[in-house]
Each structure stands twice: as structure tokens, then as C-alpha cells.
Amino acid sequence: SQKIEQNSEALNIQEGKTATLTCNYTNYSPAYLQWYRQDPGRGPVFLLLIRENEKEKRKERLKVTFDTTLKQSLFHITASQPADSATYLCALGPRSGGYNKLIFGAGTRLAVHP
Amino acid sequence: DAGVIQSPRHEVTEMGQEVTLRCKPISGHDYLFWYRQTMMRGLELLIYFNNNVPIDDSGMPEDRFSAKMPNASFSTLKIQPSEPRDSAVYFCASSLRAYGDEQYFGPGTRLTVT
């Protein structure tokens, strides 16, 4: 069955540095991948979508890459701030069927320290 | 728009009782999703609807769970009878289109079954 792996350990970084989060998957060929942010006690919030034919996507301080050969996506936050502290979830989108049935990873908790 | 609305936000009930969770999706969204989130299993899709019709309920854990969407602005997830292992945060989400679209999550209902 398909499997998604995100850094299980929390990622602690210093303010101003670049945070890099990893999403690896096996036994699946997603047509697209989405990243969400989740704060404690709240629902996930959509950040970025990247399709299989796109190598990289940017939005302000966020950058996502998608390597279908390595079966991996990297999520970068540049010039990180304490307000970026949250759990980040990756989600794989289906190749066919026309339905937005996402498969979510367990998430990586990011803590940005002043 | 107020976003996806869920009620109640917290529910504490005793084993064997019936529990009903409610969701109002964003107006105009054709897709509605019910998820369950636990520390052990992460965010799991239970069921989703398209234009009020259930499309895929393969994630519903067992017959104790049922979901309905009587109209475009309301959905319920019912657990009868509830068990302690049903304790989790239940999220409702909606999306405008099918393929590749971002999902908008509600604040969730934290269910505790004692």
C-alpha cells in the first residue's frame, strides 16, 4: 500500500535560517502534491500545490520542489520567523478519477526560535 | 465567507452513546470531505461527497459510522454506538472543484468517548 513519510522528529531552527521539510512516498505515483500548515487546535490550511510536471513552485518565502524520480518533495521556508512555527503536512493527489482524494502524511512539527 | 463551520467544537460522551457531528461547507463548493485525525494514524479520509452524493466511503471504519448530506449546505457524521477508540479530532473540509483543488478545513470537533 502507499506510504508517505515526513520527518517524524520536530525540526528546530533559528530565526532567519531556512527550514527544509521532507516528504517521501512509496508505492504511489501522485499527479500533484499539496502542502498544508496546521496550528494547534485548528484545521489544516492550504499553502502550495505542485504538479508532477513542475520541478519547483514559489510563493513569497515558500518554495516547494517535486522530484518524481526520487519520489520526494522538499518544502523550504526562507528567512524563517517564530510565526512559522506549526506542523506542516504534505498530501498526495491522485493520478486519475477526477476526484480530489488526498492522502496526507503525518506532518512535521517546525519550531522557529528567536 | 465564514469558512467551513463545524459543531460542536468539543464533545465528551460515554461509550455506547450516539454522537452527531455537523458541518456547513463553504457556499458554492461542490465537494465535502470528512476526516479523522489521531496521533497514531494522522489525518485519514473517512468519506467524501460530490453534489450531496457520497462518492467514496471506503475510509469509514465500520458500520457504526454513517454520514449524510441532505443538502448543499449541511452534512452530518454519526457514530452509533460510540467507543473509546473513536476519540479523535474530526474535520470537515470542502473544495470548489474536483481535481487538484485546495481543500478548506473547518476548525474540527474534538471527540472524547469515555
# chains A, B, ... in the order shown; residues from 1 in each chain; ligands from 1
>>> interface_residues(of="chain B", to="chain A", cutoff="6 Å", atoms="only C-alpha atoms", output="PDB file with C-alpha atoms, in the first residue's frame")
ATOM      1  CA  GLY B  42      -2.613  11.066  11.317  1.00  0.00           C
ATOM      2  CA  ALA B  98     -12.610  18.209  -8.053  1.00  0.00           C
ATOM      3  CA  TYR B  99      -9.152  17.771  -9.350  1.00  0.00           C
ATOM      4  CA  GLY B 100      -6.181  19.373  -7.690  1.00  0.00           C
ATOM      5  CA  PHE B 105     -10.857  22.747   6.518  1.00  0.00           C
ATOM      6  CA  GLY B 106     -13.143  23.566   9.394  1.00  0.00           C
ATOM      7  CA  PRO B 107     -11.864  24.021  12.956  1.00  0.00           C
TER       8      PRO B 107
END
>>> select_by_dssp(residues="range 40-103 of chain A", states="strand (DSSP E or B)", output="PyMOL selection string")
chain A and resi 45-51+56-59+62-67+72-77+86-93+103
>>> write_last_selection(atoms="N, CA, C and O atoms", output="short mmCIF file (atom, residue, chain, number, x, y, z; two decimals), in the first residue's frame")
data_model
loop_
_atom_site.label_atom_id
_atom_site.label_comp_id
_atom_site.auth_asym_id
_atom_site.auth_seq_id
_atom_site.Cartn_x
_atom_site.Cartn_y
_atom_site.Cartn_z
N VAL A 45 -4.42 24.36 6.78
CA VAL A 45 -4.62 25.46 5.85
C VAL A 45 -3.72 25.24 4.64
O VAL A 45 -2.51 25.00 4.79
N PHE A 46 -4.30 25.32 3.46
CA PHE A 46 -3.56 25.09 2.21
C PHE A 46 -2.48 26.15 2.00
O PHE A 46 -2.71 27.35 2.22
N LEU A 47 -1.30 25.68 1.55
CA LEU A 47 -0.20 26.60 1.25
C LEU A 47 0.16 26.60 -0.24
O LEU A 47 0.18 27.65 -0.87
N LEU A 48 0.50 25.43 -0.76
CA LEU A 48 1.01 25.35 -2.13
C LEU A 48 0.60 24.04 -2.78
O LEU A 48 0.46 23.02 -2.11
N LEU A 49 0.47 24.08 -4.11
CA LEU A 49 0.27 22.88 -4.90
C LEU A 49 1.34 22.82 -5.96
O LEU A 49 1.69 23.84 -6.57
N ILE A 50 1.88 21.64 -6.21
CA ILE A 50 2.85 21.45 -7.28
C ILE A 50 2.45 20.21 -8.07
O ILE A 50 2.10 19.18 -7.48
N ARG A 51 2.49 20.30 -9.39
CA ARG A 51 2.09 19.19 -10.25
C ARG A 51 3.31 18.39 -10.67
O ARG A 51 4.44 18.87 -10.61
N GLU A 56 9.51 23.03 -9.55
CA GLU A 56 9.60 23.95 -8.42
C GLU A 56 8.44 24.94 -8.45
O GLU A 56 7.94 25.31 -9.52
N LYS A 57 7.99 25.34 -7.28
CA LYS A 57 6.94 26.33 -7.15
C LYS A 57 7.30 27.26 -6.00
O LYS A 57 7.80 26.79 -4.96
N ARG A 58 7.04 28.55 -6.18
CA ARG A 58 7.37 29.51 -5.12
C ARG A 58 6.17 30.37 -4.79
O ARG A 58 5.32 30.67 -5.64
N LYS A 59 6.12 30.77 -3.52
CA LYS A 59 5.10 31.72 -3.07
C LYS A 59 5.68 32.46 -1.88
O LYS A 59 5.86 31.90 -0.81
N LEU A 62 8.07 30.84 0.60
CA LEU A 62 7.92 29.40 0.49
C LEU A 62 8.38 28.90 -0.87
O LEU A 62 8.17 29.55 -1.89
N LYS A 63 9.01 27.73 -0.85
CA LYS A 63 9.40 27.08 -2.10
C LYS A 63 9.19 25.58 -1.96
O LYS A 63 9.53 24.99 -0.94
N VAL A 64 8.60 24.99 -2.98
CA VAL A 64 8.37 23.54 -2.99
C VAL A 64 9.03 22.96 -4.23
O VAL A 64 8.94 23.53 -5.31
N THR A 65 9.67 21.80 -4.04
CA THR A 65 10.19 21.06 -5.19
C THR A 65 9.53 19.69 -5.22
O THR A 65 9.05 19.19 -4.19
N PHE A 66 9.53 19.08 -6.40
CA PHE A 66 8.86 17.80 -6.60
C PHE A 66 9.71 16.97 -7.54
O PHE A 66 9.88 17.33 -8.71
N ASP A 67 10.29 15.90 -7.01
CA ASP A 67 11.15 15.03 -7.81
C ASP A 67 10.47 13.67 -7.92
O ASP A 67 10.48 12.89 -6.96
N GLN A 72 10.02 12.32 -4.02
CA GLN A 72 10.26 13.20 -2.89
C GLN A 72 9.84 14.64 -3.21
O GLN A 72 10.01 15.11 -4.33
N SER A 73 9.33 15.31 -2.17
CA SER A 73 9.07 16.74 -2.25
C SER A 73 9.79 17.41 -1.08
O SER A 73 9.80 16.88 0.03
N LEU A 74 10.39 18.54 -1.38
CA LEU A 74 11.02 19.34 -0.34
C LEU A 74 10.26 20.66 -0.21
O LEU A 74 9.88 21.27 -1.21
N PHE A 75 10.07 21.07 1.04
CA PHE A 75 9.35 22.31 1.34
C PHE A 75 10.30 23.22 2.11
O PHE A 75 10.81 22.83 3.16
N HIS A 76 10.55 24.40 1.55
CA HIS A 76 11.50 25.32 2.14
C HIS A 76 10.80 26.58 2.61
O HIS A 76 9.94 27.13 1.89
N ILE A 77 11.18 27.05 3.79
CA ILE A 77 10.75 28.37 4.27
C ILE A 77 12.02 29.18 4.47
O ILE A 77 12.84 28.86 5.34
N ALA A 86 4.75 25.65 13.38
CA ALA A 86 3.48 24.94 13.15
C ALA A 86 3.83 23.52 12.70
O ALA A 86 5.01 23.17 12.57
N THR A 87 2.80 22.74 12.43
CA THR A 87 3.00 21.43 11.81
C THR A 87 2.67 21.55 10.33
O THR A 87 1.67 22.16 9.96
N TYR A 88 3.52 20.98 9.50
CA TYR A 88 3.34 21.07 8.05
C TYR A 88 3.07 19.67 7.50
O TYR A 88 3.82 18.72 7.75
N LEU A 89 1.98 19.58 6.74
CA LEU A 89 1.54 18.31 6.19
C LEU A 89 1.70 18.30 4.68
O LEU A 89 1.36 19.29 4.01
N CYS A 90 2.21 17.20 4.14
CA CYS A 90 2.17 17.04 2.70
C CYS A 90 1.02 16.10 2.36
O CYS A 90 0.63 15.26 3.17
N ALA A 91 0.46 16.27 1.17
CA ALA A 91 -0.68 15.45 0.74
C ALA A 91 -0.51 15.11 -0.73
O ALA A 91 -0.21 15.98 -1.54
N LEU A 92 -0.71 13.84 -1.05
CA LEU A 92 -0.55 13.38 -2.43
C LEU A 92 -1.90 13.35 -3.13
O LEU A 92 -2.90 12.90 -2.55
N GLY A 93 -1.92 13.82 -4.39
CA GLY A 93 -3.15 13.84 -5.15
C GLY A 93 -3.18 12.73 -6.18
O GLY A 93 -2.14 12.37 -6.74
N ILE A 103 -4.10 11.95 0.06
CA ILE A 103 -3.53 11.09 1.08
C ILE A 103 -2.52 11.93 1.83
O ILE A 103 -1.56 12.43 1.23
#
>>> residues_around(residues="Pro70 in chain B", least_positions_apart="4", cutoff="9 Å", atoms="only C-alpha atoms", output="VMD selection string")
chain B and resid 52 to 53 74 to 76
>>> atom_distance(atom1="CA of Ile47 in chain B", atom2="CA of Asp63 in chain B")
12.9 Å
>>> residues_around(residues="Lys71 in chain A", least_positions_apart="4", cutoff="10 Å", atoms="only C-alpha atoms", output="JSON, numbers by chain")
{"A": [4, 23, 24, 25, 26, 27, 28, 29, 30, 66, 67]}
>>> write_last_selection(atoms="all heavy atoms", output="PDB file, in the first residue's frame")
ATOM      1  N   ILE A   4       3.567   7.413   2.978  1.00  0.00           N
ATOM      2  CA  ILE A   4       4.134   8.759   2.948  1.00  0.00           C
ATOM      3  C   ILE A   4       4.938   8.944   4.214  1.00  0.00           C
ATOM      4  O   ILE A   4       4.446   8.651   5.309  1.00  0.00           O
ATOM      5  CB  ILE A   4       3.042   9.837   2.908  1.00  0.00           C
ATOM      6  CG1 ILE A   4       2.089   9.585   1.758  1.00  0.00           C
ATOM      7  CG2 ILE A   4       3.659  11.225   2.775  1.00  0.00           C
ATOM      8  CD1 ILE A   4       0.883  10.495   1.782  1.00  0.00           C
ATOM      9  N   CYS A  23       9.213  15.262   2.320  1.00  0.00           N
ATOM     10  CA  CYS A  23       8.071  14.373   2.153  1.00  0.00           C
ATOM     11  C   CYS A  23       8.479  13.300   1.143  1.00  0.00           C
ATOM     12  O   CYS A  23       8.729  13.614  -0.017  1.00  0.00           O
ATOM     13  CB  CYS A  23       6.864  15.152   1.647  1.00  0.00           C
ATOM     14  SG  CYS A  23       5.387  14.154   1.306  1.00  0.00           S
ATOM     15  N   ASN A  24       8.591  12.067   1.617  1.00  0.00           N
ATOM     16  CA  ASN A  24       8.934  10.943   0.747  1.00  0.00           C
ATOM     17  C   ASN A  24       7.732  10.012   0.624  1.00  0.00           C
ATOM     18  O   ASN A  24       6.967   9.860   1.581  1.00  0.00           O
ATOM     19  CB  ASN A  24      10.116  10.147   1.323  1.00  0.00           C
ATOM     20  CG  ASN A  24      11.387  10.964   1.339  1.00  0.00           C
ATOM     21  OD1 ASN A  24      11.848  11.443   0.317  1.00  0.00           O
ATOM     22  ND2 ASN A  24      11.958  11.124   2.525  1.00  0.00           N
ATOM     23  N   TYR A  25       7.588   9.397  -0.514  1.00  0.00           N
ATOM     24  CA  TYR A  25       6.459   8.494  -0.689  1.00  0.00           C
ATOM     25  C   TYR A  25       6.890   7.247  -1.465  1.00  0.00           C
ATOM     26  O   TYR A  25       7.889   7.266  -2.200  1.00  0.00           O
ATOM     27  CB  TYR A  25       5.295   9.187  -1.399  1.00  0.00           C
ATOM     28  CG  TYR A  25       5.623   9.753  -2.762  1.00  0.00           C
ATOM     29  CD1 TYR A  25       5.463   8.987  -3.914  1.00  0.00           C
ATOM     30  CD2 TYR A  25       6.112  11.056  -2.900  1.00  0.00           C
ATOM     31  CE1 TYR A  25       5.756   9.497  -5.160  1.00  0.00           C
ATOM     32  CE2 TYR A  25       6.421  11.572  -4.144  1.00  0.00           C
ATOM     33  CZ  TYR A  25       6.238  10.792  -5.266  1.00  0.00           C
ATOM     34  OH  TYR A  25       6.535  11.305  -6.498  1.00  0.00           O
ATOM     35  N   THR A  26       6.158   6.164  -1.240  1.00  0.00           N
ATOM     36  CA  THR A  26       6.431   4.898  -1.934  1.00  0.00           C
ATOM     37  C   THR A  26       5.119   4.285  -2.389  1.00  0.00           C
ATOM     38  O   THR A  26       4.051   4.587  -1.850  1.00  0.00           O
ATOM     39  CB  THR A  26       7.161   3.898  -1.020  1.00  0.00           C
ATOM     40  OG1 THR A  26       6.388   3.710   0.170  1.00  0.00           O
ATOM     41  CG2 THR A  26       8.544   4.377  -0.653  1.00  0.00           C
ATOM     42  N   ASN A  27       5.218   3.417  -3.371  1.00  0.00           N
ATOM     43  CA  ASN A  27       4.059   2.684  -3.900  1.00  0.00           C
ATOM     44  C   ASN A  27       2.934   3.610  -4.344  1.00  0.00           C
ATOM     45  O   ASN A  27       1.757   3.301  -4.172  1.00  0.00           O
ATOM     46  CB  ASN A  27       3.513   1.706  -2.856  1.00  0.00           C
ATOM     47  CG  ASN A  27       4.546   0.670  -2.472  1.00  0.00           C
ATOM     48  OD1 ASN A  27       5.340   0.243  -3.302  1.00  0.00           O
ATOM     49  ND2 ASN A  27       4.547   0.275  -1.213  1.00  0.00           N
ATOM     50  N   TYR A  28       3.305   4.734  -4.930  1.00  0.00           N
ATOM     51  CA  TYR A  28       2.310   5.690  -5.387  1.00  0.00           C
ATOM     52  C   TYR A  28       2.920   6.594  -6.445  1.00  0.00           C
ATOM     53  O   TYR A  28       4.120   6.858  -6.417  1.00  0.00           O
ATOM     54  CB  TYR A  28       1.817   6.538  -4.205  1.00  0.00           C
ATOM     55  CG  TYR A  28       0.457   7.176  -4.409  1.00  0.00           C
ATOM     56  CD1 TYR A  28      -0.697   6.411  -4.507  1.00  0.00           C
ATOM     57  CD2 TYR A  28       0.326   8.561  -4.486  1.00  0.00           C
ATOM     58  CE1 TYR A  28      -1.931   6.987  -4.689  1.00  0.00           C
ATOM     59  CE2 TYR A  28      -0.911   9.149  -4.664  1.00  0.00           C
ATOM     60  CZ  TYR A  28      -2.041   8.358  -4.767  1.00  0.00           C
ATOM     61  OH  TYR A  28      -3.271   8.933  -4.944  1.00  0.00           O
ATOM     62  N   SER A  29       2.109   7.035  -7.371  1.00  0.00           N
ATOM     63  CA  SER A  29       2.552   7.978  -8.391  1.00  0.00           C
ATOM     64  C   SER A  29       1.578   9.144  -8.425  1.00  0.00           C
ATOM     65  O   SER A  29       0.645   9.178  -9.246  1.00  0.00           O
ATOM     66  CB  SER A  29       2.607   7.306  -9.772  1.00  0.00           C
ATOM     67  OG  SER A  29       3.597   6.321  -9.815  1.00  0.00           O
ATOM     68  N   PRO A  30       1.752  10.095  -7.552  1.00  0.00           N
ATOM     69  CA  PRO A  30       0.791  11.210  -7.494  1.00  0.00           C
ATOM     70  C   PRO A  30       0.900  12.105  -8.707  1.00  0.00           C
ATOM     71  O   PRO A  30       1.981  12.290  -9.271  1.00  0.00           O
ATOM     72  CB  PRO A  30       1.201  11.951  -6.221  1.00  0.00           C
ATOM     73  CG  PRO A  30       2.655  11.650  -6.066  1.00  0.00           C
ATOM     74  CD  PRO A  30       2.835  10.255  -6.580  1.00  0.00           C
ATOM     75  N   PHE A  66       9.527  19.084  -6.403  1.00  0.00           N
ATOM     76  CA  PHE A  66       8.856  17.803  -6.598  1.00  0.00           C
ATOM     77  C   PHE A  66       9.710  16.972  -7.538  1.00  0.00           C
ATOM     78  O   PHE A  66       9.877  17.335  -8.708  1.00  0.00           O
ATOM     79  CB  PHE A  66       7.478  18.052  -7.203  1.00  0.00           C
ATOM     80  CG  PHE A  66       6.556  16.858  -7.211  1.00  0.00           C
ATOM     81  CD1 PHE A  66       6.864  15.674  -6.575  1.00  0.00           C
ATOM     82  CD2 PHE A  66       5.328  16.933  -7.874  1.00  0.00           C
ATOM     83  CE1 PHE A  66       5.999  14.590  -6.590  1.00  0.00           C
ATOM     84  CE2 PHE A  66       4.448  15.855  -7.893  1.00  0.00           C
ATOM     85  CZ  PHE A  66       4.783  14.687  -7.253  1.00  0.00           C
ATOM     86  N   ASP A  67      10.294  15.901  -7.012  1.00  0.00           N
ATOM     87  CA  ASP A  67      11.154  15.027  -7.812  1.00  0.00           C
ATOM     88  C   ASP A  67      10.474  13.669  -7.918  1.00  0.00           C
ATOM     89  O   ASP A  67      10.485  12.891  -6.962  1.00  0.00           O
ATOM     90  CB  ASP A  67      12.533  14.899  -7.157  1.00  0.00           C
ATOM     91  CG  ASP A  67      13.538  14.189  -8.046  1.00  0.00           C
ATOM     92  OD1 ASP A  67      13.134  13.247  -8.774  1.00  0.00           O
ATOM     93  OD2 ASP A  67      14.720  14.552  -8.016  1.00  0.00           O
TER      94      ASP A  67
END
>>> closest_residue(among="B:Ala2, B:Leu43, B:Ala88, B:Leu21", to="Leu111 in chain B", atoms="only C-alpha atoms")
B:Ala88
>>> residues_around(residues="Tyr104 in chain B", least_positions_apart="6", cutoff="10 Å", atoms="only C-alpha atoms", output="MDAnalysis selection string")
(chainID A and resid 43:46) or (chainID B and resid 3:4 25:26 29 32:33 92:96)
>>> write_last_selection(atoms="all heavy atoms", output="tab-separated table (two decimals), in the first residue's frame")
chain	number	residue	atom	x	y	z
A	43	GLY	N	-7.74	23.53	12.01
A	43	GLY	CA	-7.69	22.68	10.84
A	43	GLY	C	-6.54	23.06	9.93
A	43	GLY	O	-6.02	24.18	10.00
A	44	PRO	N	-6.10	22.15	9.08
A	44	PRO	CA	-5.03	22.46	8.13
A	44	PRO	C	-5.42	23.59	7.19
A	44	PRO	O	-6.59	23.73	6.83
A	44	PRO	CB	-4.86	21.14	7.36
A	44	PRO	CG	-5.39	20.09	8.28
A	44	PRO	CD	-6.52	20.73	9.00
A	45	VAL	N	-4.42	24.36	6.78
A	45	VAL	CA	-4.62	25.46	5.85
A	45	VAL	C	-3.72	25.24	4.64
A	45	VAL	O	-2.51	25.00	4.79
A	45	VAL	CB	-4.29	26.81	6.51
A	45	VAL	CG1	-4.38	27.95	5.48
A	45	VAL	CG2	-5.25	27.09	7.67
A	46	PHE	N	-4.30	25.32	3.46
A	46	PHE	CA	-3.56	25.09	2.21
A	46	PHE	C	-2.48	26.15	2.00
A	46	PHE	O	-2.71	27.35	2.22
A	46	PHE	CB	-4.54	25.11	1.04
A	46	PHE	CG	-3.89	25.07	-0.31
A	46	PHE	CD1	-3.48	23.86	-0.86
A	46	PHE	CD2	-3.68	26.23	-1.04
A	46	PHE	CE1	-2.88	23.81	-2.11
A	46	PHE	CE2	-3.09	26.20	-2.29
A	46	PHE	CZ	-2.69	24.99	-2.82
B	3	GLY	N	-16.16	30.59	6.12
B	3	GLY	CA	-15.37	29.37	6.06
B	3	GLY	C	-16.22	28.17	6.41
B	3	GLY	O	-17.44	28.27	6.57
B	4	VAL	N	-15.58	27.03	6.54
B	4	VAL	CA	-16.28	25.81	6.90
B	4	VAL	C	-16.62	25.87	8.40
B	4	VAL	O	-15.76	26.19	9.22
B	4	VAL	CB	-15.43	24.57	6.60
B	4	VAL	CG1	-16.11	23.31	7.09
B	4	VAL	CG2	-15.12	24.49	5.11
B	25	PRO	N	-20.44	23.48	4.78
B	25	PRO	CA	-19.32	23.80	3.89
B	25	PRO	C	-19.40	25.23	3.38
B	25	PRO	O	-20.40	25.93	3.61
B	25	PRO	CB	-19.51	22.81	2.73
B	25	PRO	CG	-20.99	22.59	2.68
B	25	PRO	CD	-21.45	22.64	4.12
B	26	ILE	N	-18.36	25.66	2.70
B	26	ILE	CA	-18.35	26.98	2.08
B	26	ILE	C	-19.36	26.98	0.93
B	26	ILE	O	-19.41	26.03	0.13
B	26	ILE	CB	-16.95	27.34	1.58
B	26	ILE	CG1	-16.01	27.51	2.79
B	26	ILE	CG2	-16.96	28.59	0.73
B	26	ILE	CD1	-14.56	27.70	2.42
B	29	HIS	N	-19.20	25.39	-2.87
B	29	HIS	CA	-18.27	24.27	-3.00
B	29	HIS	C	-19.05	22.99	-3.27
B	29	HIS	O	-20.00	22.68	-2.58
B	29	HIS	CB	-17.44	24.12	-1.72
B	29	HIS	CG	-16.32	25.10	-1.64
B	29	HIS	ND1	-15.30	24.99	-0.72
B	29	HIS	CD2	-16.05	26.22	-2.35
B	29	HIS	CE1	-14.45	25.99	-0.90
B	29	HIS	NE2	-14.88	26.75	-1.87
B	32	LEU	N	-17.40	17.84	-0.40
B	32	LEU	CA	-17.30	17.87	1.05
B	32	LEU	C	-16.62	16.60	1.52
B	32	LEU	O	-16.92	15.50	1.04
B	32	LEU	CB	-18.69	18.00	1.69
B	32	LEU	CG	-18.68	18.13	3.21
B	32	LEU	CD1	-19.71	19.16	3.68
B	32	LEU	CD2	-18.92	16.79	3.90
B	33	PHE	N	-15.69	16.78	2.46
B	33	PHE	CA	-14.87	15.67	2.95
B	33	PHE	C	-14.98	15.59	4.48
B	33	PHE	O	-15.00	16.62	5.15
B	33	PHE	CB	-13.39	15.89	2.59
B	33	PHE	CG	-13.13	16.17	1.14
B	33	PHE	CD1	-13.28	17.45	0.63
B	33	PHE	CD2	-12.72	15.17	0.28
B	33	PHE	CE1	-13.04	17.73	-0.71
B	33	PHE	CE2	-12.47	15.43	-1.05
B	33	PHE	CZ	-12.63	16.71	-1.55
B	92	CYS	N	-14.10	18.51	8.93
B	92	CYS	CA	-14.87	18.60	7.71
B	92	CYS	C	-14.11	19.58	6.80
B	92	CYS	O	-13.53	20.56	7.28
B	92	CYS	CB	-16.27	19.12	8.02
B	92	CYS	SG	-17.30	19.43	6.59
B	93	ALA	N	-14.08	19.29	5.50
B	93	ALA	CA	-13.42	20.17	4.55
B	93	ALA	C	-14.27	20.25	3.29
B	93	ALA	O	-15.06	19.34	3.00
B	93	ALA	CB	-12.02	19.65	4.20
B	94	SER	N	-14.11	21.34	2.56
B	94	SER	CA	-14.82	21.45	1.29
B	94	SER	C	-13.89	22.00	0.23
B	94	SER	O	-12.87	22.64	0.54
B	94	SER	CB	-16.08	22.32	1.43
B	94	SER	OG	-15.76	23.68	1.66
B	95	SER	N	-14.21	21.71	-1.02
B	95	SER	CA	-13.44	22.27	-2.12
B	95	SER	C	-14.37	22.63	-3.26
B	95	SER	O	-15.45	22.05	-3.42
B	95	SER	CB	-12.33	21.32	-2.59
B	95	SER	OG	-12.86	20.19	-3.24
B	96	LEU	N	-13.89	23.57	-4.07
B	96	LEU	CA	-14.73	24.11	-5.14
B	96	LEU	C	-14.83	23.14	-6.30
B	96	LEU	O	-15.93	22.81	-6.76
B	96	LEU	CB	-14.13	25.44	-5.62
B	96	LEU	CG	-14.91	26.19	-6.70
B	96	LEU	CD1	-16.30	26.54	-6.22
B	96	LEU	CD2	-14.14	27.45	-7.10
>>> closest_residue(among="B:Thr109, B:Ser66, B:Ser87, B:Ser58", to="Thr13 in chain B", atoms="only C-alpha atoms")
B:Ser87
>>> atom_distance(atom1="CA of Ile79 in chain B", atom2="CA of Tyr31 in chain B")
21.6 Å
